[in-house]
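Raw contents of structure-v8.cif, mmCIF, C-alpha atoms:
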data_upload
#
loop_
_atom_site.label_atom_id
_atom_site.label_comp_id
_atom_site.auth_asym_id
_atom_site.auth_seq_id
_atom_site.Cartn_x
_atom_site.Cartn_y
_atom_site.Cartn_z
CA LEU A 1 0.00 0.00 0.00
CA ARG A 2 1.16 3.46 -0.85
CA LEU A 3 0.16 6.31 1.41
CA VAL A 4 -0.65 9.65 -0.24
CA ALA A 5 -0.82 12.76 1.91
CA ARG A 6 -4.02 14.87 1.52
CA PRO A 7 -3.51 18.57 0.77
CA THR A 8 -4.46 20.91 3.55
CA LEU A 9 -7.14 23.63 3.28
CA ALA A 10 -4.46 26.25 3.19
CA ALA A 11 -2.96 24.63 0.13
CA LEU A 12 -6.35 24.54 -1.66
CA ALA A 13 -7.10 28.22 -0.89
CA PRO A 14 -6.82 30.74 -3.76
CA PRO A 15 -3.74 32.99 -3.97
CA TRP A 16 -5.55 36.08 -2.60
CA ALA A 17 -6.63 34.23 0.55
CA SER A 18 -3.41 35.08 2.29
CA PHE A 19 -3.97 38.80 1.66
CA ALA A 20 -7.53 38.55 2.97
CA ALA A 21 -6.29 36.77 6.08
CA ALA A 22 -3.69 39.44 6.62
CA ALA A 23 -6.45 42.11 6.36
CA GLY A 24 -8.43 40.46 9.13
CA GLY A 25 -10.09 37.52 7.37
CA ARG A 26 -12.48 39.72 5.26
CA ARG A 27 -12.33 40.34 1.53
CA GLY A 28 -13.11 43.94 0.52
CA PHE A 29 -11.91 46.98 -1.31
CA CYS A 30 -11.00 48.81 1.83
CA ASP A 31 -10.13 47.98 5.38
CA ASP A 32 -12.60 50.44 7.03
CA GLU A 33 -15.25 48.88 9.18
CA VAL A 34 -18.91 49.59 8.21
CA PRO A 35 -20.89 50.74 11.27
CA LYS A 36 -23.79 48.53 12.19
CA TRP A 37 -26.21 51.44 12.46
CA HIS A 38 -25.42 52.38 8.86
CA ALA A 39 -26.26 48.89 7.61
CA ARG A 40 -29.46 48.81 9.62
CA TYR A 41 -30.64 52.35 8.82
CA PRO A 42 -29.51 53.22 5.28
CA ALA A 43 -29.39 56.85 4.24
CA LYS A 44 -32.67 58.28 2.97
CA TYR A 45 -32.95 61.05 0.41
CA PHE A 46 -35.83 63.54 -0.14
CA ASP A 47 -38.17 62.18 -2.83
CA PHE A 48 -39.55 65.33 -4.43
CA LYS A 49 -41.86 63.42 -6.79
CA ALA A 50 -43.50 61.53 -3.94
CA PHE A 51 -43.79 64.78 -1.99
CA ARG A 52 -45.64 66.46 -4.85
CA GLU A 53 -48.03 63.52 -5.22
CA ALA A 54 -48.76 63.49 -1.50
CA LEU A 55 -49.29 67.26 -1.50
CA LYS A 56 -51.66 66.97 -4.47
CA GLU A 57 -53.71 64.25 -2.76
CA LYS A 58 -53.87 66.32 0.41
CA LYS A 59 -55.14 69.40 -1.45
CA GLU A 60 -57.73 67.35 -3.35
CA SER A 61 -59.02 65.76 -0.14
CA MET A 62 -59.29 69.17 1.55
CA SER A 63 -61.08 70.61 -1.47
CA GLU A 64 -63.52 67.68 -1.59
CA ALA A 65 -64.23 68.07 2.13
CA GLU A 66 -64.95 71.78 1.67
CA LEU A 67 -67.26 71.14 -1.29
CA ARG A 68 -69.03 68.43 0.66
CA GLU A 69 -69.79 70.88 3.47
CA VAL A 70 -71.10 73.41 0.96
CA ARG A 71 -73.37 70.80 -0.63
CA ARG A 72 -74.69 69.80 2.79
CA GLU A 73 -75.40 73.41 3.72
CA TYR A 74 -77.31 74.14 0.49
CA ALA A 75 -78.94 70.71 0.09
CA PRO A 76 -82.63 70.94 -0.89
CA PRO A 77 -84.98 69.85 1.88
CA ALA A 78 -86.79 66.55 1.70
CA PRO A 79 -90.42 66.50 0.54
CA GLU A 80 -92.95 66.49 3.32
CA GLY A 81 -92.95 63.14 5.11
CA TRP A 82 -89.95 61.78 3.20
CA THR A 83 -86.93 60.06 4.71
CA VAL A 84 -83.90 58.45 3.10
CA LEU A 85 -85.77 55.15 3.00
CA SER A 86 -88.77 56.85 1.34
CA PHE A 87 -86.48 58.27 -1.32
CA LEU A 88 -84.99 54.85 -2.05
CA GLU A 89 -88.40 53.21 -2.21
CA GLN A 90 -89.86 55.87 -4.52
CA MET A 91 -86.97 55.55 -6.97
CA GLY A 92 -87.22 51.75 -6.94
CA PHE A 93 -83.81 51.05 -5.43
CA GLY A 94 -84.50 47.35 -4.88
CA ASP A 95 -82.90 45.01 -2.37
CA GLY A 96 -80.86 46.47 0.47
CA ALA A 97 -82.72 49.80 0.67
CA GLU A 98 -83.04 49.64 4.46
CA ASP A 99 -79.35 48.83 4.90
CA VAL A 100 -78.37 51.81 2.78
CA ALA A 101 -80.79 54.11 4.61
CA ASN A 102 -79.32 53.10 7.98
CA LEU A 103 -75.89 54.37 6.85
CA PHE A 104 -77.06 58.00 6.95
CA GLU A 105 -78.01 59.91 10.08
CA ARG A 106 -79.19 63.06 8.30
CA TRP A 107 -81.00 63.78 5.06
CA GLU A 108 -78.33 66.32 4.06
CA ASP A 109 -75.59 63.66 4.21
CA PHE A 110 -77.56 61.47 1.81
CA ILE A 111 -78.81 63.98 -0.74
CA SER A 112 -75.44 65.78 -1.04
CA MET A 113 -73.56 62.67 -2.22
CA THR A 114 -71.59 62.70 -5.44
CA ALA A 115 -70.91 59.79 -7.78
CA LYS A 116 -67.58 59.23 -6.00
CA ASP A 117 -69.32 59.09 -2.63
CA ILE A 118 -71.85 56.57 -3.94
CA THR A 119 -69.05 54.20 -4.93
CA ARG A 120 -68.10 53.96 -1.22
CA ILE A 121 -71.48 52.46 -0.28
CA PRO A 122 -70.85 48.74 0.34
CA ASP A 123 -72.80 45.72 -0.88
CA ILE A 124 -74.87 47.29 -3.68
CA ALA A 125 -74.88 46.46 -7.38
CA ILE A 126 -73.46 48.66 -10.13
CA GLY A 127 -76.92 49.25 -11.55
CA GLN A 128 -78.13 50.45 -8.17
CA ARG A 129 -75.21 52.88 -7.91
CA ARG A 130 -75.97 54.37 -11.32
CA LYS A 131 -79.68 54.63 -10.60
CA LEU A 132 -79.07 56.27 -7.24
CA ASP A 133 -76.69 58.80 -8.79
CA ARG A 134 -79.22 59.66 -11.52
CA PHE A 135 -82.14 60.21 -9.13
CA ILE A 136 -80.07 62.27 -6.69
CA THR A 137 -79.01 64.51 -9.58
CA LEU A 138 -82.61 64.87 -10.80
CA PHE A 139 -83.80 65.70 -7.27
CA ASN A 140 -81.11 68.35 -6.73
CA HIS A 141 -82.11 70.00 -10.03
CA GLY A 142 -85.80 69.99 -9.17
CA LEU A 143 -86.76 67.53 -11.91
CA TRP A 144 -87.91 64.69 -9.63
CA PRO A 145 -90.40 63.87 -8.19
CA LYS A 146 -92.93 65.20 -10.70
CA VAL A 147 -94.71 68.43 -9.77
CA SER A 148 -97.67 70.32 -11.22
CA SER A 149 -97.22 72.52 -14.28
CA ASP A 150 -97.78 75.69 -12.25
CA GLU A 151 -95.10 74.79 -9.73
CA PHE A 152 -92.74 73.74 -12.54
CA PHE A 153 -93.21 77.10 -14.26
CA GLU A 154 -92.64 78.87 -10.95
CA ARG A 155 -89.35 77.03 -10.51
CA PHE A 156 -87.94 77.44 -14.01
CA GLY A 157 -89.93 80.31 -15.51
CA GLY A 158 -87.21 82.83 -14.76
CA ARG A 159 -87.64 86.49 -13.98
CA PRO A 160 -89.46 88.72 -16.46
CA LEU A 161 -87.46 91.48 -18.10
CA GLU A 162 -87.96 95.02 -16.90
CA ASN A 163 -89.61 96.35 -20.09
CA GLU A 164 -91.18 93.08 -21.23
CA GLY A 165 -94.67 93.59 -22.66
CA THR A 166 -94.63 97.41 -22.43
CA ALA A 167 -95.45 99.69 -25.37
CA TRP A 168 -92.69 101.06 -27.59
CA THR A 169 -91.92 104.75 -27.32
CA SER A 170 -89.93 107.04 -29.58
CA GLN A 171 -87.07 106.93 -27.07
CA ASP A 172 -87.11 103.12 -27.20
CA ASP A 173 -87.06 103.18 -31.00
CA LYS A 174 -84.08 105.50 -30.97
CA GLN A 175 -82.21 103.28 -28.53
CA LEU A 176 -83.07 100.20 -30.62
CA LEU A 177 -81.62 101.75 -33.78
CA GLU A 178 -78.45 102.77 -31.95
CA LEU A 179 -77.96 99.27 -30.55
CA ALA A 180 -78.70 97.69 -33.94
CA ARG A 181 -75.99 99.87 -35.48
CA LEU A 182 -73.60 99.11 -32.60
CA TYR A 183 -74.05 95.33 -32.81
CA ASP A 184 -74.42 95.33 -36.64
CA ALA A 185 -77.92 93.92 -37.15
CA ASP A 186 -77.13 93.09 -40.80
CA PHE A 187 -74.48 90.55 -39.77
CA GLY A 188 -75.09 87.50 -37.60
CA ASP A 189 -77.68 87.36 -34.84
CA PRO A 190 -77.13 90.23 -32.38
CA TRP A 191 -80.61 90.20 -30.87
CA ILE A 192 -79.62 88.39 -27.69
CA TYR A 193 -77.40 91.36 -26.81
CA VAL A 194 -79.91 93.96 -27.97
CA SER A 195 -82.69 92.31 -25.96
CA TRP A 196 -80.63 92.46 -22.76
CA GLU A 197 -79.79 96.12 -23.33
CA MET A 198 -83.44 96.92 -24.06
CA GLN A 199 -84.76 94.58 -21.32
CA ARG A 200 -87.19 93.08 -23.84
CA LYS A 201 -87.59 89.70 -25.54
CA GLU A 202 -85.42 88.92 -28.56
CA GLU A 203 -88.37 88.42 -30.93
CA ASP A 204 -89.91 91.74 -29.83
CA CYS A 205 -86.69 93.62 -30.62
CA ARG A 206 -86.27 91.85 -33.95
CA ASP A 207 -89.87 92.42 -35.02
CA ARG A 208 -89.69 96.08 -34.07
CA TYR A 209 -86.50 96.50 -36.10
CA VAL A 210 -88.20 94.88 -39.09
CA GLU A 211 -91.08 97.35 -38.84
CA LEU A 212 -88.77 100.35 -38.48
CA VAL A 213 -86.00 99.51 -40.96
CA ILE A 214 -86.51 96.39 -43.09
CA LYS A 215 -90.03 96.94 -44.39
CA PRO A 216 -89.59 100.63 -45.34
CA ARG A 217 -86.31 99.82 -47.05
CA GLU A 218 -87.77 96.97 -49.10
CA ARG A 219 -90.91 98.88 -50.03
CA SER A 220 -88.85 101.72 -51.46
CA THR A 221 -87.25 99.50 -54.13
CA THR A 222 -88.29 96.77 -56.55
CA HIS A 223 -87.30 93.11 -56.70
CA GLU A 224 -86.96 90.41 -59.32
CA LEU A 225 -88.29 86.89 -58.96
CA ALA A 226 -87.60 84.02 -61.35
CA ILE A 227 -88.98 80.49 -61.04
CA THR A 228 -87.67 78.02 -63.59
CA LYS A 229 -88.97 74.61 -64.59
CA ALA A 230 -85.81 72.87 -63.43
CA SER A 231 -87.73 70.57 -61.09
CA ARG A 232 -87.38 67.42 -63.14
CA PRO A 233 -85.69 64.52 -61.28
CA LEU A 234 -81.92 64.48 -61.48
CA HIS A 235 -80.78 61.05 -62.68
CA MET A 236 -77.61 60.23 -60.75
CA HIS A 237 -77.30 56.55 -61.79
CA ARG A 238 -79.58 53.66 -62.61
CA LYS A 239 -80.52 52.88 -58.98
CA PHE A 240 -80.73 56.34 -57.50
CA ARG A 241 -82.88 59.33 -58.40
CA MET A 242 -82.65 62.62 -56.51
CA ILE A 243 -85.85 64.63 -56.68
CA PRO A 244 -85.30 68.30 -55.81
CA PRO A 245 -87.92 69.99 -53.58
CA ASP A 246 -90.80 71.90 -55.14
CA LEU A 247 -91.22 74.34 -52.24
CA TYR A 248 -90.93 78.00 -53.21
CA ILE A 249 -90.97 80.70 -50.55
CA VAL A 250 -92.18 83.89 -52.22
CA PRO A 251 -92.33 87.10 -50.16
CA SER A 252 -95.47 89.17 -50.28
CA GLU A 253 -95.70 91.88 -52.93
CA THR A 254 -96.86 94.30 -50.23
CA ASN A 255 -93.39 94.52 -48.71
CA PHE A 256 -91.37 93.34 -51.74
CA PRO A 257 -92.82 94.96 -54.88
CA LEU A 258 -91.81 93.29 -58.14
CA ALA A 259 -89.93 95.07 -60.89
CA PRO A 260 -91.36 95.18 -64.43
CA LEU A 261 -90.54 92.14 -66.54
CA LYS A 262 -87.65 93.06 -68.82
CA PHE A 263 -85.90 89.84 -69.72
CA ASP A 264 -84.06 89.65 -73.01
CA LEU A 265 -81.77 86.73 -73.68
CA PRO A 266 -78.67 87.63 -75.70
CA ALA A 267 -78.62 86.31 -79.25
CA ALA A 268 -75.49 84.24 -78.57
CA PHE A 269 -77.38 82.19 -75.96
CA LYS A 270 -80.75 81.85 -77.69
CA LYS A 271 -79.71 78.73 -79.57
CA TYR A 272 -78.94 77.01 -76.26
CA ARG A 273 -82.25 77.89 -74.63
CA GLN A 274 -84.77 75.13 -73.96
CA ASP A 275 -88.33 76.39 -73.65
CA ASP A 276 -89.40 73.46 -71.47
CA ILE A 277 -86.83 74.41 -68.82
CA PHE A 278 -86.52 78.21 -68.91
#
Would you mind giving the structure from this file in structure tokens?
Amino acid sequence: LRLVARPTLAALAPPWASFAAAAGGRRGFCDDEVPKWHARYPAKYFDFKAFREALKEKKESMSEAELREVRREYAPPAPEGWTVLSFLEQMGFGDGAEDVANLFERWEDFISMTAKDITRIPDIAIGQRRKLDRFITLFNHGLWPKVSSDEFFERFGGRPLENEGTAWTSQDDKQLLELARLYDADFGDPWIYVSWEMQRKEEDCRDRYVELVIKPRERSTTHELAITKASRPLHMHRKFRMIPPDLYIVPSETNFPLAPLKFDLPAAFKKYRQDDIF
């Protein structure tokens, strides 16, 4: 038998092991010890992006809270004898109406909810959330529940203008002509501005301007009117025929007098004329 000596661990170690052992048994790029507190609590730097996001969320939450208080303060009162449960039953909320009604202590907390607040209500279906949002919006705008026509007109009739329905005076006519010149009545539709200045309805101002300016101007001149026979169907292709309308709007001769008929076709065009058309 031949005995072979086994190599020791020191002999199997890599060449740099001796340098590591000389440095204290630790391999590294420097010999400085790392403090334990530094390894346990690494350095933190100010994250400006996260700070801005947090600040934005904080401002939004404060703004929502402020708007919620305003909505509660100006919430419309409940109809006589109505509670939150009555509201849910009248709108046909469905299952879980009593559970939802028990979540609210006051009527103002319920009727001032937004769509985002409704999403926080637990254990209700998506269709119920949408329906609840729609009926709360209709109630806050006075469109539900249905009311009589007199009460509806009282709600949405608006305030009458100061001079609405009063007779026109010479001073009013003078002011109307000045405003028509200022807002250029011959271009566009300026009557919404004129009506506010005059404190009268738009159609009243427009009709008065027609009586003062348009009719006298048109009566002082003559007009020409020509109606051709070009009302035959236009053949576009074999499966489509476009028939032009046969509606003619002719102004009255009282306000638009016709000029004498003096039509003479030049000789160069007479050979192209078709009597059945024009």
Expanded to explicit residues, what is the PyMOL selection byres ((chain A and resi 222) around 7) for this file, as a VMD selection string? chain A and resid 221 223 256 to 259
Taking the file above as input, evaluate the PyMOL selection byres ((chain A and resi 200) around 12) and report the hits as a PDB file with C-alpha atoms, in the coordinates of the input.
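expr_19.pdb, written as the output of this step:
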ATOM      1  CA  ARG A 159     -87.640  86.490 -13.980  1.00  0.00           C
ATOM      2  CA  PRO A 160     -89.460  88.720 -16.460  1.00  0.00           C
ATOM      3  CA  LEU A 161     -87.460  91.480 -18.100  1.00  0.00           C
ATOM      4  CA  GLU A 162     -87.960  95.020 -16.900  1.00  0.00           C
ATOM      5  CA  ASN A 163     -89.610  96.350 -20.090  1.00  0.00           C
ATOM      6  CA  GLU A 164     -91.180  93.080 -21.230  1.00  0.00           C
ATOM      7  CA  GLY A 165     -94.670  93.590 -22.660  1.00  0.00           C
ATOM      8  CA  THR A 166     -94.630  97.410 -22.430  1.00  0.00           C
ATOM      9  CA  ALA A 167     -95.450  99.690 -25.370  1.00  0.00           C
ATOM     10  CA  TRP A 168     -92.690 101.060 -27.590  1.00  0.00           C
ATOM     11  CA  ASP A 172     -87.110 103.120 -27.200  1.00  0.00           C
ATOM     12  CA  LEU A 176     -83.070 100.200 -30.620  1.00  0.00           C
ATOM     13  CA  TRP A 191     -80.610  90.200 -30.870  1.00  0.00           C
ATOM     14  CA  ILE A 192     -79.620  88.390 -27.690  1.00  0.00           C
ATOM     15  CA  TYR A 193     -77.400  91.360 -26.810  1.00  0.00           C
ATOM     16  CA  VAL A 194     -79.910  93.960 -27.970  1.00  0.00           C
ATOM     17  CA  SER A 195     -82.690  92.310 -25.960  1.00  0.00           C
ATOM     18  CA  TRP A 196     -80.630  92.460 -22.760  1.00  0.00           C
ATOM     19  CA  GLU A 197     -79.790  96.120 -23.330  1.00  0.00           C
ATOM     20  CA  MET A 198     -83.440  96.920 -24.060  1.00  0.00           C
ATOM     21  CA  GLN A 199     -84.760  94.580 -21.320  1.00  0.00           C
ATOM     22  CA  LYS A 201     -87.590  89.700 -25.540  1.00  0.00           C
ATOM     23  CA  GLU A 202     -85.420  88.920 -28.560  1.00  0.00           C
ATOM     24  CA  GLU A 203     -88.370  88.420 -30.930  1.00  0.00           C
ATOM     25  CA  ASP A 204     -89.910  91.740 -29.830  1.00  0.00           C
ATOM     26  CA  CYS A 205     -86.690  93.620 -30.620  1.00  0.00           C
ATOM     27  CA  ARG A 206     -86.270  91.850 -33.950  1.00  0.00           C
ATOM     28  CA  ASP A 207     -89.870  92.420 -35.020  1.00  0.00           C
ATOM     29  CA  ARG A 208     -89.690  96.080 -34.070  1.00  0.00           C
TER      30      ARG A 208
END
Expanded to explicit residues, what is the PyMOL selection byres ((chain A and resi 133) around 10) for this file, as a list in words?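 Applying the expression gives Ile111, Met113, Thr114, Ala115, Lys116, Asp117, Ile118, Thr119, Gly127, Gln128, Arg129, Arg130, Lys131, Leu132, Arg134, Phe135, Ile136, Thr137 and Leu138 of chain A.
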Between A:Glu33, A:Met91, A:Ala226, A:Ile249, single out the one closest to Leu261 of chain A, counting only C-alpha atoms.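 Among the listed residues, A:Ala226 lies closest to Leu261 of chain A.
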Give the answer as one residue: which of A:Val213, A:Phe48, A:Ser112, A:Val250 has the shortest atom-to-atom distance to Leu67 of chain A, using only C-alpha atoms?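 Closest to Leu67 of chain A of all the choices is A:Ser112.
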How far is it from atom CA of Arg106 of chain A to atom CA of Ser86 of chain A, in Å with one decimal?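 It comes out at 13.4 Å.
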Of the candidates A:Lys271, A:Pro79, A:Leu177, A:Ile124, which one gets nearest to Asp99 of chain A if we count only C-alpha atoms?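 Closest to Asp99 of chain A of all the choices is A:Ile124.
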Report, in Å with one decimal, the straight-line distance from atom CA of Phe152 of chain A to atom CA of Tyr74 of chain A.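 Atom-to-atom, atom CA of Phe152 of chain A to atom CA of Tyr74 of chain A, that is 20.2 Å.
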Quick one: residues within 9 Å of Val100 of chain A, only C-alpha atoms, excluding same-chain residues fewer than 4 positions away - as a ChimeraX atom specification? /A:84-85,88,96,104,121-122,124
Figure out the distance between atom CA of Glu89 of chain A and atom CA of Ala75 of chain A, please, to one decimal in Å.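 Computing the Euclidean distance for atom CA of Ala75 of chain A and atom CA of Glu89 of chain A yields 20.0 Å.
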Which neighbours of Pro76 of chain A fall inside 10 Å, counting only C-alpha atoms, when residues of the same chain fewer than 5 positions from it are skipped, and could you give them as a ChimeraX atom specification? /A:71,107-108,111-112,139-142
